[in-house]
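Below is target39.cif, which holds mmCIF, C-alpha atoms.
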data_protein
loop_
_atom_site.label_atom_id
_atom_site.label_comp_id
_atom_site.auth_asym_id
_atom_site.auth_seq_id
_atom_site.Cartn_x
_atom_site.Cartn_y
_atom_site.Cartn_z
CA MET F 28 108.66 -49.98 20.46
CA PRO F 29 111.46 -48.28 18.55
CA ALA F 30 114.66 -47.70 20.44
CA GLY F 31 114.97 -44.31 22.05
CA SER F 32 111.27 -43.67 22.49
CA THR F 33 109.63 -43.67 25.89
CA TRP F 34 106.16 -44.24 27.11
CA VAL F 35 104.37 -41.12 28.20
CA ASP F 36 101.38 -40.82 30.48
CA ARG F 37 98.69 -38.16 30.72
CA ASP F 38 101.02 -35.86 32.65
CA ALA F 39 102.86 -35.30 29.39
CA GLY F 40 99.80 -33.46 28.11
CA PRO F 41 97.36 -34.24 25.35
CA VAL F 42 98.56 -36.14 22.30
CA VAL F 43 96.54 -33.80 20.13
CA ARG F 44 97.08 -30.12 20.75
CA PRO F 45 93.84 -28.73 22.23
CA TYR F 46 93.31 -26.16 19.53
CA ALA F 47 93.60 -28.84 16.83
CA LEU F 48 89.94 -29.52 17.64
CA THR F 49 89.06 -26.02 16.53
CA GLY F 50 91.11 -26.17 13.36
CA GLY F 51 93.69 -23.94 14.97
CA ARG F 52 91.22 -21.18 15.72
CA THR F 53 91.74 -19.54 19.08
CA GLN F 54 89.07 -16.85 18.74
CA PRO F 55 85.35 -17.57 18.55
CA VAL F 56 83.44 -16.65 15.39
CA ALA F 57 81.63 -13.33 15.34
CA GLY F 58 80.28 -12.15 18.63
CA ALA F 59 81.50 -11.49 22.09
CA ILE F 60 83.52 -14.08 23.98
CA LEU F 61 81.19 -16.13 26.16
CA ASP F 62 81.59 -15.55 29.86
CA LEU F 63 82.47 -18.56 32.04
CA ILE F 64 78.99 -18.52 33.51
CA ALA F 65 77.05 -17.50 30.39
CA VAL F 66 74.08 -19.87 30.25
CA VAL F 67 73.43 -21.65 26.97
CA VAL F 68 70.75 -24.10 25.94
CA ALA F 69 70.26 -26.33 22.89
CA ALA F 70 67.40 -25.62 20.52
CA ALA F 71 64.58 -28.16 20.62
CA ARG F 72 64.79 -29.45 17.11
CA VAL F 73 68.40 -29.87 16.26
CA ASP F 74 69.83 -32.94 14.63
CA GLY F 75 73.57 -32.99 15.09
CA ASP F 76 74.04 -35.40 12.18
CA GLU F 77 72.07 -33.13 9.90
CA LEU F 78 74.29 -30.17 10.75
CA ARG F 79 77.39 -32.28 10.06
CA LEU F 80 78.79 -31.50 13.47
CA SER F 81 82.09 -32.85 14.73
CA PRO F 82 81.98 -35.33 17.63
CA GLU F 83 83.06 -32.55 20.02
CA HIS F 84 80.32 -30.23 18.77
CA GLN F 85 77.82 -33.06 19.22
CA ARG F 86 78.98 -33.70 22.77
CA ILE F 87 78.63 -30.01 23.60
CA LEU F 88 75.17 -29.98 22.09
CA GLY F 89 74.22 -32.97 24.22
CA LEU F 90 75.44 -31.23 27.37
CA CYS F 91 73.30 -28.19 26.58
CA ARG F 92 69.97 -30.07 26.41
CA ALA F 93 69.35 -28.53 29.82
CA PRO F 94 70.63 -24.99 30.50
CA ALA F 95 74.36 -25.15 31.21
CA THR F 96 77.18 -22.69 31.63
CA VAL F 97 80.41 -22.59 29.64
CA ALA F 98 82.23 -23.76 32.78
CA ASP F 99 79.85 -26.73 33.20
CA VAL F 100 80.41 -27.85 29.63
CA ALA F 101 84.21 -27.38 29.69
CA SER F 102 84.47 -29.31 32.94
CA ALA F 103 82.21 -32.13 31.73
CA ILE F 104 84.13 -32.76 28.52
CA SER F 105 87.58 -32.10 30.05
CA LEU F 106 88.66 -29.64 27.39
CA PRO F 107 90.25 -26.26 28.06
CA VAL F 108 87.80 -23.38 28.42
CA GLY F 109 89.29 -21.53 25.44
CA VAL F 110 88.68 -24.49 23.13
CA VAL F 111 85.13 -25.03 24.38
CA ARG F 112 84.34 -21.35 23.83
CA VAL F 113 85.38 -21.53 20.20
CA LEU F 114 83.37 -24.72 19.64
CA MET F 115 80.30 -23.34 21.41
CA ALA F 116 80.44 -20.13 19.41
CA ASP F 117 80.31 -22.25 16.22
CA LEU F 118 76.93 -23.61 17.29
CA ILE F 119 75.29 -20.23 17.88
CA PRO F 120 75.00 -18.96 14.27
CA GLN F 121 73.67 -22.38 13.25
CA GLY F 122 70.88 -21.95 15.74
CA ALA F 123 71.87 -25.19 17.48
CA ILE F 124 72.38 -23.48 20.82
CA ARG F 125 71.47 -20.07 22.07
CA VAL F 126 72.69 -17.89 24.89
CA MET F 127 70.03 -17.52 27.57
CA THR F 128 71.82 -15.03 29.76
CA GLU F 129 74.83 -13.00 28.83
CA ARG F 130 75.34 -10.63 31.66
CA GLN F 131 76.64 -7.23 30.75
CA ALA F 132 79.56 -5.80 32.68
CA ALA F 133 77.37 -3.06 34.12
CA ALA F 134 74.45 -5.31 34.97
CA GLN F 135 74.76 -6.30 38.59
CA PRO F 136 72.43 -8.71 40.29
CA SER F 137 69.36 -7.06 41.76
CA ALA F 138 68.72 -6.89 45.49
CA GLY F 139 65.93 -9.40 44.91
CA GLN F 140 68.30 -11.88 43.29
CA LEU F 141 70.85 -11.41 46.06
CA THR F 142 68.19 -12.07 48.67
CA GLU F 143 67.21 -15.22 46.78
CA VAL F 144 70.85 -16.41 46.89
CA LEU F 145 71.06 -15.56 50.57
CA ASN F 146 67.91 -17.51 51.42
CA ALA F 147 69.09 -20.46 49.36
CA LEU F 148 72.45 -20.46 51.17
CA ARG F 149 70.78 -20.32 54.56
CA SER F 150 68.60 -23.31 53.76
CA LEU F 151 71.50 -25.43 52.48
CA MET Z 20 68.27 -11.06 28.73
CA ARG Z 21 66.44 -13.45 26.46
CA SER Z 22 66.94 -13.61 22.77
CA GLY Z 23 66.46 -15.82 19.76
CA PRO Z 24 63.57 -17.99 18.70
CA SER Z 25 61.39 -19.27 21.49
CA ASP Z 26 61.00 -22.78 20.12
CA GLY Z 27 63.69 -24.23 22.37
CA PRO Z 28 63.15 -26.73 25.15
CA ASP Z 29 63.75 -23.87 27.54
CA ASP Z 30 60.30 -22.38 27.10
CA GLY Z 31 59.17 -21.11 30.45
CA LEU Z 32 62.56 -21.90 31.92
CA SER Z 33 64.91 -19.39 33.38
CA PHE Z 34 68.30 -20.07 34.79
CA THR Z 35 70.53 -17.71 36.67
CA ALA Z 36 74.17 -18.38 37.46
CA PHE Z 37 76.18 -16.45 39.99
CA LYS Z 38 79.90 -16.56 40.54
CA ILE Z 39 81.95 -16.20 43.70
CA LEU Z 40 85.74 -16.24 43.70
CA ILE Z 41 87.81 -17.97 46.36
CA ALA Z 42 91.21 -16.30 46.54
CA GLY Z 43 94.21 -16.48 48.84
CA GLY Z 44 97.78 -17.60 48.90
CA PHE Z 45 99.10 -21.01 47.95
CA GLY Z 46 98.12 -23.59 50.56
CA ALA Z 47 95.60 -21.33 52.30
CA GLY Z 48 92.85 -23.91 51.79
CA LYS Z 49 91.05 -22.76 48.62
CA THR Z 50 90.57 -26.26 47.22
CA THR Z 51 89.43 -27.49 50.63
CA MET Z 52 86.93 -24.68 50.92
CA VAL Z 53 85.39 -25.25 47.49
CA GLY Z 54 85.25 -28.99 48.22
CA ALA Z 55 83.63 -28.57 51.63
CA ILE Z 56 80.45 -27.09 50.19
CA SER Z 57 80.28 -28.31 46.61
CA GLU Z 58 81.51 -31.08 44.40
CA VAL Z 59 84.84 -29.89 43.02
CA ARG Z 60 85.33 -30.50 39.35
CA PRO Z 61 88.45 -29.75 37.40
CA LEU Z 62 88.37 -26.91 34.93
CA TYR Z 63 91.28 -26.28 32.60
CA THR Z 64 92.46 -23.40 30.56
CA GLU Z 65 95.19 -23.56 27.97
CA GLU Z 66 97.15 -20.37 28.30
CA ALA Z 67 100.05 -18.82 26.51
CA LEU Z 68 103.13 -18.82 28.70
CA SER Z 69 104.36 -15.38 29.51
CA SER Z 70 108.00 -14.68 30.12
CA ALA Z 71 107.04 -14.04 33.73
CA GLY Z 72 106.86 -17.81 34.14
CA ALA Z 73 110.46 -18.24 33.04
CA GLY Z 74 112.57 -19.92 35.66
CA ARG Z 75 109.54 -21.04 37.57
CA ASP Z 76 108.26 -23.76 35.31
CA ARG Z 77 111.47 -25.67 34.75
CA LEU Z 78 110.91 -25.51 31.05
CA SER Z 79 114.56 -25.63 30.09
CA GLY Z 80 114.89 -28.18 27.33
CA LEU Z 81 111.30 -27.57 26.33
CA SER Z 82 112.04 -24.49 24.29
CA ARG Z 83 109.09 -25.03 22.01
CA LYS Z 84 106.54 -25.15 24.77
CA ARG Z 85 104.46 -22.02 24.38
CA THR Z 86 101.33 -22.82 26.33
CA THR Z 87 100.58 -24.31 29.69
CA THR Z 88 97.51 -25.86 31.17
CA VAL Z 89 96.17 -24.10 34.23
CA ALA Z 90 93.79 -26.02 36.45
CA MET Z 91 91.26 -24.13 38.53
CA ASP Z 92 89.07 -25.39 41.33
CA PHE Z 93 85.52 -25.17 40.22
CA GLY Z 94 82.46 -26.03 42.26
CA ARG Z 95 78.78 -25.74 41.52
CA LEU Z 96 76.07 -25.31 44.14
CA THR Z 97 72.69 -26.00 42.61
CA MET Z 98 70.18 -24.13 44.72
CA SER Z 99 67.06 -24.63 42.68
CA PRO Z 100 66.26 -25.67 39.11
CA SER Z 101 66.68 -22.04 38.12
CA LEU Z 102 69.52 -20.89 40.36
CA ALA Z 103 73.10 -22.03 40.76
CA LEU Z 104 76.13 -20.60 42.48
CA TYR Z 105 79.56 -21.22 40.97
CA LEU Z 106 82.70 -21.12 43.05
CA PHE Z 107 86.03 -20.54 41.34
CA GLY Z 108 89.31 -20.97 43.16
CA THR Z 109 91.68 -18.43 41.66
CA PRO Z 110 95.04 -19.69 40.45
CA GLY Z 111 97.60 -18.53 42.94
CA GLN Z 112 100.71 -17.58 41.03
CA GLU Z 113 101.25 -13.99 40.01
CA ARG Z 114 101.70 -14.87 36.37
CA PHE Z 115 98.05 -15.86 36.19
CA TRP Z 116 96.81 -12.37 37.03
CA PHE Z 117 95.35 -12.02 33.56
CA MET Z 118 92.95 -14.84 34.42
CA TRP Z 119 91.70 -12.95 37.44
CA ASP Z 120 90.24 -10.28 35.20
CA GLU Z 121 88.11 -12.83 33.45
CA LEU Z 122 87.20 -14.60 36.67
CA SER Z 123 86.18 -11.43 38.45
CA TYR Z 124 84.13 -10.15 35.52
CA GLY Z 125 80.50 -10.27 36.60
CA ALA Z 126 81.36 -11.93 39.92
CA LEU Z 127 79.09 -11.40 42.91
CA GLY Z 128 82.03 -11.06 45.25
CA ALA Z 129 85.07 -12.81 46.61
CA VAL Z 130 86.33 -14.67 49.65
CA VAL Z 131 89.97 -14.03 50.56
CA LEU Z 132 91.21 -17.00 52.55
CA ALA Z 133 93.90 -15.97 54.98
CA ASP Z 134 96.46 -18.24 56.58
CA THR Z 135 97.71 -16.49 59.71
CA ARG Z 136 101.09 -18.21 59.39
CA ARG Z 137 101.56 -16.44 56.08
CA LEU Z 138 99.26 -13.46 56.23
CA GLY Z 139 101.30 -11.58 53.64
CA ASP Z 140 100.25 -14.14 51.01
CA CYS Z 141 96.79 -12.64 50.81
CA PHE Z 142 97.93 -9.02 50.29
CA PRO Z 143 97.82 -9.32 46.48
CA SER Z 144 94.24 -10.65 46.56
CA VAL Z 145 93.09 -7.89 48.91
CA ASP Z 146 94.76 -5.26 46.69
CA TYR Z 147 93.20 -6.70 43.59
CA PHE Z 148 89.62 -6.72 44.90
CA GLU Z 149 89.99 -3.27 46.46
CA LYS Z 150 91.14 -1.84 43.13
CA ARG Z 151 88.36 -3.58 41.22
CA GLN Z 152 85.84 -2.54 43.88
CA LEU Z 153 84.60 -6.10 44.06
CA PRO Z 154 83.00 -6.76 47.47
CA PHE Z 155 84.98 -9.29 49.49
CA VAL Z 156 85.27 -10.82 52.94
CA VAL Z 157 88.41 -12.08 54.63
CA ALA Z 158 88.02 -15.57 56.08
CA ILE Z 159 90.78 -16.64 58.44
CA ASN Z 160 91.30 -20.35 58.03
CA CYS Z 161 91.91 -21.90 61.44
CA PHE Z 162 94.05 -24.93 60.79
CA ASP Z 163 94.46 -27.68 63.34
CA GLY Z 164 96.49 -26.38 66.22
CA ALA Z 165 96.64 -22.90 64.77
CA GLN Z 166 96.06 -20.48 67.56
CA GLU Z 167 92.84 -18.58 67.37
CA PHE Z 168 93.33 -15.09 66.12
CA ASP Z 169 91.21 -12.08 66.72
CA PRO Z 170 89.69 -11.12 63.35
CA GLU Z 171 90.20 -7.49 64.36
CA ASP Z 172 93.97 -8.01 64.53
CA VAL Z 173 93.88 -9.42 61.02
CA ARG Z 174 91.86 -6.41 59.87
CA ILE Z 175 94.52 -4.09 61.24
CA ALA Z 176 97.37 -6.17 59.82
CA LEU Z 177 95.77 -6.10 56.36
CA ASP Z 178 94.75 -2.45 56.68
CA LEU Z 179 91.19 -3.31 55.69
CA ASP Z 180 88.32 -0.88 55.41
CA ARG Z 181 86.21 -1.21 58.57
CA ARG Z 182 83.24 -2.30 56.47
CA VAL Z 183 85.03 -5.38 55.08
CA PRO Z 184 83.87 -8.35 57.18
CA THR Z 185 86.59 -10.52 58.70
CA LEU Z 186 85.73 -13.85 60.27
CA LEU Z 187 87.29 -17.08 61.46
CA CYS Z 188 86.47 -20.22 59.56
CA ASP Z 189 87.35 -23.85 59.15
CA ALA Z 190 87.62 -24.45 55.41
CA ARG Z 191 87.00 -28.18 55.95
CA GLN Z 192 83.60 -27.68 57.58
CA ARG Z 193 80.58 -27.26 55.38
CA GLU Z 194 78.67 -25.21 57.97
CA SER Z 195 81.62 -22.90 58.45
CA VAL Z 196 82.06 -22.35 54.70
CA LYS Z 197 78.33 -21.78 54.38
CA GLN Z 198 78.59 -19.04 57.02
CA VAL Z 199 81.45 -17.40 55.08
CA LEU Z 200 79.34 -17.33 51.90
CA ILE Z 201 76.33 -15.97 53.78
CA THR Z 202 78.52 -13.22 55.27
CA LEU Z 203 79.77 -12.36 51.79
CA VAL Z 204 76.32 -12.12 50.20
CA GLU Z 205 75.07 -10.03 53.14
CA HIS Z 206 78.08 -7.75 52.65
CA VAL Z 207 77.29 -7.46 48.93
CA LEU Z 208 73.71 -6.45 49.79
CA VAL Z 209 74.89 -3.80 52.27
CA THR Z 210 77.51 -2.48 49.82
CA ARG Z 211 74.88 -2.28 47.09
CA ALA Z 212 72.49 -0.38 49.33
CA LEU Z 213 75.22 2.09 50.33
CA GLU Z 214 76.18 2.65 46.70
CA GLU Z 215 72.59 3.33 45.74
CA GLU Z 216 72.23 5.71 48.65
CA ALA Z 217 75.39 7.59 47.65
CA GLU Z 218 74.20 7.73 44.08
CA ALA Z 219 70.80 9.10 45.10
CA GLN Z 220 72.52 11.85 47.11
CA GLY Z 221 74.96 12.60 44.31
CA HIS Z 222 72.19 12.97 41.73
CA PRO Z 223 69.17 14.44 43.50
#
Can you turn what I pasted into structure tokens?
Amino acid sequence: MPAGSTWVDRDAGPVVRPYALTGGRTQPVAGAILDLIAVVVAAARVDGDELRLSPEHQRILGLCRAPATVADVASAISLPVGVVRVLMADLIPQGAIRVMTERQAAAQPSAGQLTEVLNALRSL
Amino acid sequence: MRSGPSDGPDDGLSFTAFKILIAGGFGAGKTTMVGAISEVRPLYTEEALSSAGAGRDRLSGLSRKRTTTVAMDFGRLTMSPSLALYLFGTPGQERFWFMWDELSYGALGAVVLADTRRLGDCFPSVDYFEKRQLPFVVAINCFDGAQEFDPEDVRIALDLDRRVPTLLCDARQRESVKQVLITLVEHVLVTRALEEEAEAQGHP
């Protein structure tokens, strides 16, 4: 170890800046920013190798085999939400993943849905 | 809303996610509450540091540091294969207000956790949800040895609308937290019904 340098642990932050994984991009490609609980799912016939995806893109794709939210994916791969959003947005135009539900600001849950949540909570 | 080709593995599948915010002052028990009813998982955001954080983050000597990592409490309650409830503990410090906008977007409602020893700490949360017209309940966290308060006194102290439910809770107890969430969803249903009624009268 050269003189003057010190060991650092994970508290010092990531060795690679988070947005290095996105090539420095902080905004997703075309389209609205995905909500934290937007539900995405991988397409059935997608070969990550064929699409020449980065390891991070491949991991995201793997996590979306079953419907998952942006928050689920970001938490599972321990990357900041902003970075995961950019990477997920890359996969949409390629058809690798698609957004199942993107709730509009005005669209509030129906009384039926609320009752469903209420019943589910009561039976927890 | 469904879109795109229907050749995915999701054929015949639907999945709905709902979001509830857990707000309150620092140390009010937000992490405890999320953890009592769901598995808490860390969720990070990498945010630009605003000048509002100056002096608070002890960044002197780190002049090139422009972003900071904010950790949020995040819990998922899977209720059925097609329904999940997400709980987000809101970051407490004022300089993270901008994150509240994103967190509250599309949220079902919010729980404001109150600590009676520092009741003033939950004023900003109450203000925020009132302004955004997001339905909320005030849950008074009864810590060990904390004397039991009358929820009505807290309502008066916080100058809450009489329709906003206030209740005592123990953020460590699953059953208690469950009751808080049930109260919130019931309140959302009532609020919705009242809004629809008002709308029907406004536009006959």
Set the cut-off to 9 Å and count all atoms listed in the file: what are the residues of chain F that reach chain Z? Output as a PyMOL selection string. chain F and resi 40+45+62-66+68-72+92-96+98-99+101-103+105-110+122+124-136+138+141-149+151
Matched chain/residue IDs from the PyMOL selection byres ((chain F and resi 56) around 12), as a list in words: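 So the PyMOL selection byres ((chain F and resi 56) around 12) ends up selecting Thr49, Arg52, Thr53, Gln54, Pro55, Ala57, Gly58, Ala59, Ile60, Leu61, Arg112, Val113, Leu114, Met115, Ala116, Asp117, Leu118, Ile119, Pro120 and Gln121 of chain F.
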Neighbours of range 164-181 of chain Z within 9 Å (only C-alpha atoms; same-chain residues fewer than 3 positions away dropped), as a ChimeraX atom specification? /Z:133,135-136,138-139,141-142,145,157-161,184-187
What does the structure give for the distance between CA of Leu78 in chain F and CA of Val100 in chain F, in Å to one decimal?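 These two atoms are separated by 20.0 Å.
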Enter the distance from CA of Phe148 in chain Z to CA of Ala190 in chain Z, in Å, rounded to one decimal.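 Interatomic distance, CA of Phe148 in chain Z to CA of Ala190 in chain Z: 20.7 Å.
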Long-range neighbours of Lys49 in chain Z as a list in words, 10 Å cut-off, only C-alpha atoms, 6 positions minimum in chain: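 Once the nearby chain positions are removed, what remains is Leu40, Ile41, Ala42, Gly43, Ala55, Asp92, Phe107, Gly108, Thr109, Pro110, Gly111, Val130, Val131, Leu132, Ala133, Asn160, Ala190 and Arg191 of chain Z.
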